[in-house]
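Chemist: Structure provided below as structure tokens; questions to follow.
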Amino acid sequence: MPPLCILRGMRRRLIFAAASVALAIGLGGHGARAAEPIVIGHVAALSGASAQSGEAITRGLTIAIDEINARGGLLGGRKIELIQRDDESSPPKGLIAARELIFKEKVAAFFGGIDSPVSLAIVPIANKEKVPFMGVWAAATPITRNGADPNYVFRVSAVDALVDVKLLDYANKKRGATKAGLMLINNPWGESNEKGLVAADKENSAVEIVGIEKFESSDVDMVPQLTRLKEAGADTIILVVNTPPGAQMMKSRERMGWNVPVVSHWGISGGRFPELAGPTAGDAHFVQTYSFFGEQGPAGKRLIDALKSKYPEIKGPEDIFAPIGTANAYDAMHLLALGIEKAGSTDGDAIRAALEDLGPYEGLIKTYDKPFSKDNHDALGPADYIMVRYEGDKIVPVE
Amino acid sequence: MLIPSALITGFGLGSMYGLLALGFYVTYAVSNTVNFAQGSTMMLGAVLTFTFGVTLAWPIWAAVIISLAACALWGVVVERIAVRPFVARGSGSWLMATVALGIVLENVVLFTFGKDPRGMPANWLTTDGFFLAGIKIQPLQLLIPLAGLSIAIALHVVSTRTRYGKALLAVVQNSDAARLMGINVTVAVMAAFAASGLFAGIAGILIAPLFTISSTMGTLFGIKAFAVAILGGISNPWGVVVAGLIYGLAEALITALLGSTYTQIVTFSLVILALTLWPHGLFGHAAVKKV
């Protein structure tokens, strides 16, 4: 008897489900269409070592979406809905998540996360399926400069090739460097920056690269590499690495008593660099796209207030962790919204064309004159990068 | 400048490898088996000391003692779960089983401790020191080789001068005969694995302030330490410690003279070359099987 009861129960549930679906379709066919949300996706590291970056991006997107929805949404009253997927910093998982967002969730466009390898894995499918993909952190040059035409990948973040130009320039002009020694992590990111720095060096006659040293993320002691650079006459270290080995590098430098300036890419801005590197953490100056410290423009004030009220643990700028994720995502979401509005639809190709043709926009990071064009899908350039350092646990501007 | 600084670095790294490699020696000497995941036990020592001493703010001596006890206990667990059942069946699968248990441990730590690497707060062991050839030598860097040498001396004395040590070595030669002579073989092997866990814990606690603490901090260390143990001829505590120093010096000198690109390629190639020339390690001797 019990099995029959279960069967009967199941049948009743099935009939109910079918009726609900029919009702939903019926309703959809009539008046409810205007309120149908515009679905925007986000694939990023939401767990694991880089989870903070994913959360920071989420916060920037969420505040921007709240603002847009409060103004009545887009395309005549349609609200924006954010759907997120965790890529766990793994390219295959990111690709699966992107497919799911495109085919199942039917997103109008989607955002990426911190990991360049993940974004590089997603680029081909975004271009193939004609769904705009907006980078807000990962800096690898070929993410936007991917050779596709038309290109559906945009970015509001730094670009390695341009950061490398900035690092050498800053080292020379602000820290008096003429002979730079490179300390690079031995992985594809380090390699891409090696190319970028060597190329930037050719254009910059004031600085010369006198040595290139690599190290593993598990290295304990980098005195031998640093000694080689010192012997080669380096008067500045250009550092491209993420936090833990970057901290080991600072400890080795300290042990050598070598007070050489350190100019770094932004890898050391995640994690607990001041805790891991110890007292010399503040000696490293590194690149960011935005700082919530210092004088804020209207967008900055608005965003900080919104963050404080939405996330009570944020009392001030020092509590905004991984700040570039929030800042880049905030501007990127507003730019995308302008693109959708200008396109007049959620069609991928129309949004792409509209983004390439946006006019001036007063954003958080800067006033964008013409954010994107057909040939330039990067909204930020070297003039928008700022240099910062740690002061205790705070990231403060030095320029 | 290049060579002296490399020698100092190499000596420091080498003593870390040697200290960890002693854990391989002690179980191999008694049971012909090792905990292949010695690196993860080292990580356990560092993670527990950080958790008790920094996160929970216990007095540091208590944190160290409890952590070391936990590492020794973990050694016993490894032997019971991943070694004994396989050895009893005459299978060599304990090798894979210890690796697997190490991975389980690393992932449990990942869940509980988190993926975010942490750093020990600075103290006099890392901030004080003196300069030698332009490089600061921290007290901790002297403590590591000192710990390695003390343990090697202790092992040597115990195994050659005490009845208990001789009994332990008898176990490996012929466990049946040893059992008939009234030696408790099971306890002897368990004690060896506890000691191995203890040494790994000591290594982890001493290395932690110089490195970053995370669930994966021991992985490469463990592999290098195993290479060192084999290179030193695993059956001799002195050999293991000296092989550690040779390995560390080779690593640092290669980085200094050829550049860091070649470090791993050349050092591991040298290990293979050395083992081809001296199959029983630099300081080992061929085992004689008496029938």
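Note on naming: chains are A, B, ... as they come in the structure tokens, residues start from 1 per chain, ligands start from 1 in the order shown.
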Taking only C-alpha atoms into account, what are the residues of chain A at most 10 Å from chain B, put as an MDAnalysis selection string?
Modeler: chainID A and resid 47:52 186 212:231 243:245 247:248 251:258 270:279
Chemist: Would you mind exporting C-alpha atoms of the selected residues as a PDB file, in the first residue's frame?
Modeler:
ATOM      1  CA  SER A  47      35.601  30.626  -2.343  1.00  0.00           C
ATOM      2  CA  GLY A  48      39.211  29.797  -1.583  1.00  0.00           C
ATOM      3  CA  ALA A  49      42.282  31.979  -1.289  1.00  0.00           C
ATOM      4  CA  SER A  50      40.911  34.661  -3.619  1.00  0.00           C
ATOM      5  CA  ALA A  51      37.396  34.693  -2.153  1.00  0.00           C
ATOM      6  CA  GLN A  52      37.873  38.260  -0.873  1.00  0.00           C
ATOM      7  CA  ASN A 186      57.764  31.652 -12.205  1.00  0.00           C
ATOM      8  CA  ILE A 212      65.696  39.177 -14.445  1.00  0.00           C
ATOM      9  CA  GLU A 213      65.247  36.681 -11.619  1.00  0.00           C
ATOM     10  CA  LYS A 214      62.445  34.184 -11.067  1.00  0.00           C
ATOM     11  CA  PHE A 215      61.291  32.336  -8.010  1.00  0.00           C
ATOM     12  CA  GLU A 216      58.748  29.702  -7.048  1.00  0.00           C
ATOM     13  CA  SER A 217      55.729  30.403  -4.886  1.00  0.00           C
ATOM     14  CA  SER A 218      57.128  27.901  -2.349  1.00  0.00           C
ATOM     15  CA  ASP A 219      60.583  29.493  -2.059  1.00  0.00           C
ATOM     16  CA  VAL A 220      61.624  30.282   1.495  1.00  0.00           C
ATOM     17  CA  ASP A 221      64.771  32.283   0.881  1.00  0.00           C
ATOM     18  CA  MET A 222      65.342  34.603  -2.084  1.00  0.00           C
ATOM     19  CA  VAL A 223      68.675  36.016  -0.941  1.00  0.00           C
ATOM     20  CA  PRO A 224      70.561  34.346  -3.842  1.00  0.00           C
ATOM     21  CA  GLN A 225      68.286  35.926  -6.484  1.00  0.00           C
ATOM     22  CA  LEU A 226      68.432  39.310  -4.791  1.00  0.00           C
ATOM     23  CA  THR A 227      72.206  39.070  -4.433  1.00  0.00           C
ATOM     24  CA  ARG A 228      72.488  38.492  -8.178  1.00  0.00           C
ATOM     25  CA  LEU A 229      70.431  41.602  -8.836  1.00  0.00           C
ATOM     26  CA  LYS A 230      72.486  43.602  -6.336  1.00  0.00           C
ATOM     27  CA  GLU A 231      75.715  42.430  -7.982  1.00  0.00           C
ATOM     28  CA  THR A 243      51.153  37.936  -1.670  1.00  0.00           C
ATOM     29  CA  PRO A 244      52.829  34.957   0.091  1.00  0.00           C
ATOM     30  CA  PRO A 245      56.000  34.721  -2.060  1.00  0.00           C
ATOM     31  CA  ALA A 247      56.225  38.603   1.466  1.00  0.00           C
ATOM     32  CA  GLN A 248      59.109  36.084   1.417  1.00  0.00           C
ATOM     33  CA  LYS A 251      61.850  39.241   4.246  1.00  0.00           C
ATOM     34  CA  SER A 252      64.910  38.200   2.234  1.00  0.00           C
ATOM     35  CA  ARG A 253      65.516  41.810   1.214  1.00  0.00           C
ATOM     36  CA  GLU A 254      65.292  42.853   4.858  1.00  0.00           C
ATOM     37  CA  ARG A 255      67.787  40.183   5.913  1.00  0.00           C
ATOM     38  CA  MET A 256      70.268  41.520   3.372  1.00  0.00           C
ATOM     39  CA  GLY A 257      69.860  44.971   4.879  1.00  0.00           C
ATOM     40  CA  TRP A 258      69.325  46.178   1.312  1.00  0.00           C
ATOM     41  CA  GLY A 270      45.361  40.634  -1.856  1.00  0.00           C
ATOM     42  CA  GLY A 271      45.751  38.503   1.263  1.00  0.00           C
ATOM     43  CA  ARG A 272      47.627  39.639   4.348  1.00  0.00           C
ATOM     44  CA  PHE A 273      50.767  41.225   2.972  1.00  0.00           C
ATOM     45  CA  PRO A 274      51.562  43.375   6.047  1.00  0.00           C
ATOM     46  CA  GLU A 275      51.205  40.367   8.377  1.00  0.00           C
ATOM     47  CA  LEU A 276      53.290  38.071   6.164  1.00  0.00           C
ATOM     48  CA  ALA A 277      56.011  40.512   5.120  1.00  0.00           C
ATOM     49  CA  GLY A 278      56.512  42.070   8.544  1.00  0.00           C
ATOM     50  CA  PRO A 279      57.923  45.529   9.266  1.00  0.00           C
TER      51      PRO A 279
END
Chemist: Excluding A:Val159 and residues on its chain fewer than 3 positions from it, collect all residues at most 9 Å away from it, counting only C-alpha atoms, and give them as a CSV table (one decimal) with C-alpha atoms, in the first residue's frame.
Modeler:
chain,number,residue,atom,x,y,z
A,138,ALA,CA,42.2,40.1,-14.2
A,139,ALA,CA,44.9,42.1,-16.0
A,140,ALA,CA,46.4,39.7,-18.6
A,141,THR,CA,46.9,41.7,-21.8
A,142,PRO,CA,45.3,39.2,-24.2
A,143,ILE,CA,41.9,39.1,-22.4
A,144,THR,CA,40.7,42.2,-24.3
A,155,ARG,CA,37.5,45.6,-19.3
A,162,LEU,CA,50.3,49.2,-19.6
A,163,VAL,CA,51.0,48.5,-15.9
A,164,ASP,CA,54.5,47.5,-16.9
A,378,ASP,CA,40.1,48.9,-22.1
A,380,LEU,CA,41.5,52.5,-18.1
A,381,GLY,CA,45.0,53.3,-19.1
A,382,PRO,CA,48.4,54.2,-17.4
Chemist: Using Å and a single decimal, report how far atom CA of A:Ile83 sits from atom CA of A:Val107.
Modeler: 8.4 Å
Chemist: Got a sec to tell me which of stretch 168-255 of chain A DSSP assigns to strand (DSSP E), as a list in words?
Modeler: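 Selection result, strand (DSSP E) within stretch 168-255 of chain A: Lys179, Ala180, Gly181, Leu182, Met183, Leu184, Ile185, Glu208, Ile209, Val210, Gly211, Ile212, Glu213, Lys214, Phe215, Thr236, Ile237, Ile238, Leu239 and Val240 of chain A.
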Chemist: Restricting the calculation to only C-alpha atoms: of B:Ile153, B:Val87, B:Ile66, B:Val171, which residue gets closest to B:Val240?
Modeler: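 Closest to B:Val240 of all the choices is B:Ile153.
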Chemist: Pick out the residues sitting within 7 Å of stretch 225-228 of chain B, and hand them over as a ChimeraX atom specification; count only C-alpha atoms, and ignore anything fewer than 5 positions along from it in its own chain.
Modeler: /B:17-18,20-21,240,243-244,247
Chemist: Using only C-alpha atoms, which residues sit within 12 Å of A:Leu338 once same-chain residues fewer than 6 positions away are excluded, as number ranges by chain?
Modeler: A: 64, 68, 73-75, 331-332, 344-346, 351-363, 371
Chemist: Once you have the residues from the selection above, write them out as a compact mmCIF listing (two decimals), in the first residue's frame, restricted to C-alpha atoms.
Modeler:
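The result, written out as result.txt:
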# COMPACT_ATOMS: atom_id res chain seq x y z
CA ALA A 64 25.64 49.87 -8.75
CA ILE A 68 20.18 51.56 -11.24
CA GLY A 73 15.83 50.00 -13.96
CA LEU A 74 16.63 49.90 -17.66
CA LEU A 75 14.74 49.64 -20.96
CA ASP A 331 32.14 51.68 -12.72
CA ALA A 332 31.92 48.68 -15.05
CA GLY A 344 17.72 49.59 -26.51
CA SER A 345 17.73 45.81 -26.07
CA THR A 346 19.56 42.96 -24.38
CA ILE A 351 25.18 46.01 -26.48
CA ARG A 352 28.70 45.51 -27.88
CA ALA A 353 28.16 48.16 -30.56
CA ALA A 354 26.63 50.54 -28.00
CA LEU A 355 29.53 50.09 -25.55
CA GLU A 356 32.01 50.89 -28.33
CA ASP A 357 30.11 54.10 -28.97
CA LEU A 358 29.43 55.41 -25.43
CA GLY A 359 29.88 59.12 -24.77
CA PRO A 360 31.40 60.78 -21.69
CA TYR A 361 30.46 59.38 -18.28
CA GLU A 362 31.40 60.72 -14.86
CA GLY A 363 32.35 57.60 -12.96
CA PRO A 371 35.21 54.60 -22.35
Chemist: When you count only C-alpha atoms, which of these residues is closest to B:Leu169: B:Gly148, B:Val271, B:Gln141, B:Ala192?
Modeler: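 Between B:Gly148, B:Val271, B:Gln141, B:Ala192, the residue approaching B:Leu169 most closely is B:Ala192.
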Chemist: If you run DSSP over the backbone, which residues in stretch 58-220 of chain A end up alpha helix (DSSP H)? Put them as an MDAnalysis selection string.
Modeler: chainID A and resid 58:70 91:99 116:129 160:175 188:203
Chemist: Measuring atom to atom with only C-alpha atoms, identify which of A:Asp305, A:Asp201, A:Asp86, A:Glu341 is nearest to A:Ile63.
Modeler: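 Smallest distance to A:Ile63 is found for A:Asp305.
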Chemist: Please provide the set of residues having any atom within 10 Å of B:Thr186, restricted to only C-alpha atoms, with same-chain residues fewer than 5 positions apart removed, written as number ranges by chain.
Modeler: B: 31, 80, 84, 171, 175, 179, 191
Chemist: Just write the chosen residues, N, CA and C atoms, as an mmCIF file, in the first residue's frame.
Modeler:
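Generated output (result.cif):
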data_model
loop_
_atom_site.group_PDB
_atom_site.id
_atom_site.type_symbol
_atom_site.label_atom_id
_atom_site.label_comp_id
_atom_site.auth_asym_id
_atom_site.auth_seq_id
_atom_site.Cartn_x
_atom_site.Cartn_y
_atom_site.Cartn_z
ATOM 1 N N SER B 31 61.394 0.087 10.847
ATOM 2 C CA SER B 31 60.375 -0.730 10.197
ATOM 3 C C SER B 31 60.517 -0.830 8.686
ATOM 4 N N ARG B 80 49.056 3.429 12.221
ATOM 5 C CA ARG B 80 47.948 2.507 12.471
ATOM 6 C C ARG B 80 47.044 2.366 11.238
ATOM 7 N N ARG B 84 50.416 -0.057 8.981
ATOM 8 C CA ARG B 84 50.326 -1.388 9.565
ATOM 9 C C ARG B 84 49.447 -2.360 8.759
ATOM 10 N N VAL B 171 64.499 -4.922 15.536
ATOM 11 C CA VAL B 171 63.185 -5.137 14.942
ATOM 12 C C VAL B 171 63.288 -5.177 13.421
ATOM 13 N N SER B 175 62.015 -9.160 12.495
ATOM 14 C CA SER B 175 60.986 -8.830 13.477
ATOM 15 C C SER B 175 60.501 -10.079 14.224
ATOM 16 N N ARG B 179 60.681 -10.495 18.197
ATOM 17 C CA ARG B 179 59.486 -10.793 18.994
ATOM 18 C C ARG B 179 59.773 -11.939 19.952
ATOM 19 N N ALA B 191 56.353 3.693 18.280
ATOM 20 C CA ALA B 191 57.221 4.711 18.884
ATOM 21 C C ALA B 191 58.026 5.419 17.800
#
Chemist: Mind checking which residues fall within 8 Å of A:Val136, counting only C-alpha atoms, ignoring those fewer than 6 positions away in the same chain, and posting them as a list in words?
Modeler: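 Using only C-alpha atoms, the neighbours found are Ile57, Phe111, Gly112, Gly113, Ile114, Arg155, Val156, Ser157, Gly325, Asn328, Ala329 and Ala332 of chain A.
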Chemist: How about saving the chosen residues, N, CA and C atoms kept, as a tab-separated table (two decimals), in the first residue's frame?
Modeler:
chain	number	residue	atom	x	y	z
A	57	ILE	N	34.19	42.38	-5.65
A	57	ILE	CA	33.54	42.66	-6.94
A	57	ILE	C	32.02	42.63	-6.76
A	111	PHE	N	30.22	39.43	-15.92
A	111	PHE	CA	31.46	39.96	-15.40
A	111	PHE	C	32.42	38.84	-15.02
A	112	GLY	N	33.73	39.17	-14.99
A	112	GLY	CA	34.74	38.18	-14.61
A	112	GLY	C	35.34	38.50	-13.26
A	113	GLY	N	36.38	37.73	-12.87
A	113	GLY	CA	36.98	37.88	-11.54
A	113	GLY	C	38.46	38.21	-11.59
A	114	ILE	N	39.18	37.76	-10.57
A	114	ILE	CA	40.58	38.16	-10.38
A	114	ILE	C	41.56	37.35	-11.24
A	155	ARG	N	36.87	45.68	-20.62
A	155	ARG	CA	37.52	45.63	-19.29
A	155	ARG	C	37.57	47.01	-18.66
A	156	VAL	N	37.25	47.03	-17.37
A	156	VAL	CA	37.49	48.23	-16.56
A	156	VAL	C	38.46	47.80	-15.48
A	157	SER	N	39.74	47.75	-15.82
A	157	SER	CA	40.77	47.31	-14.88
A	157	SER	C	42.11	47.65	-15.49
A	325	GLY	N	38.61	45.79	-6.61
A	325	GLY	CA	37.52	44.95	-7.10
A	325	GLY	C	36.20	45.70	-7.04
A	328	ASN	N	36.38	48.97	-9.53
A	328	ASN	CA	36.28	48.62	-10.96
A	328	ASN	C	34.88	48.10	-11.30
A	329	ALA	N	34.36	47.23	-10.42
A	329	ALA	CA	33.06	46.61	-10.70
A	329	ALA	C	31.95	47.66	-10.70
A	332	ALA	N	32.20	49.57	-13.92
A	332	ALA	CA	31.92	48.68	-15.05
A	332	ALA	C	30.42	48.41	-15.17
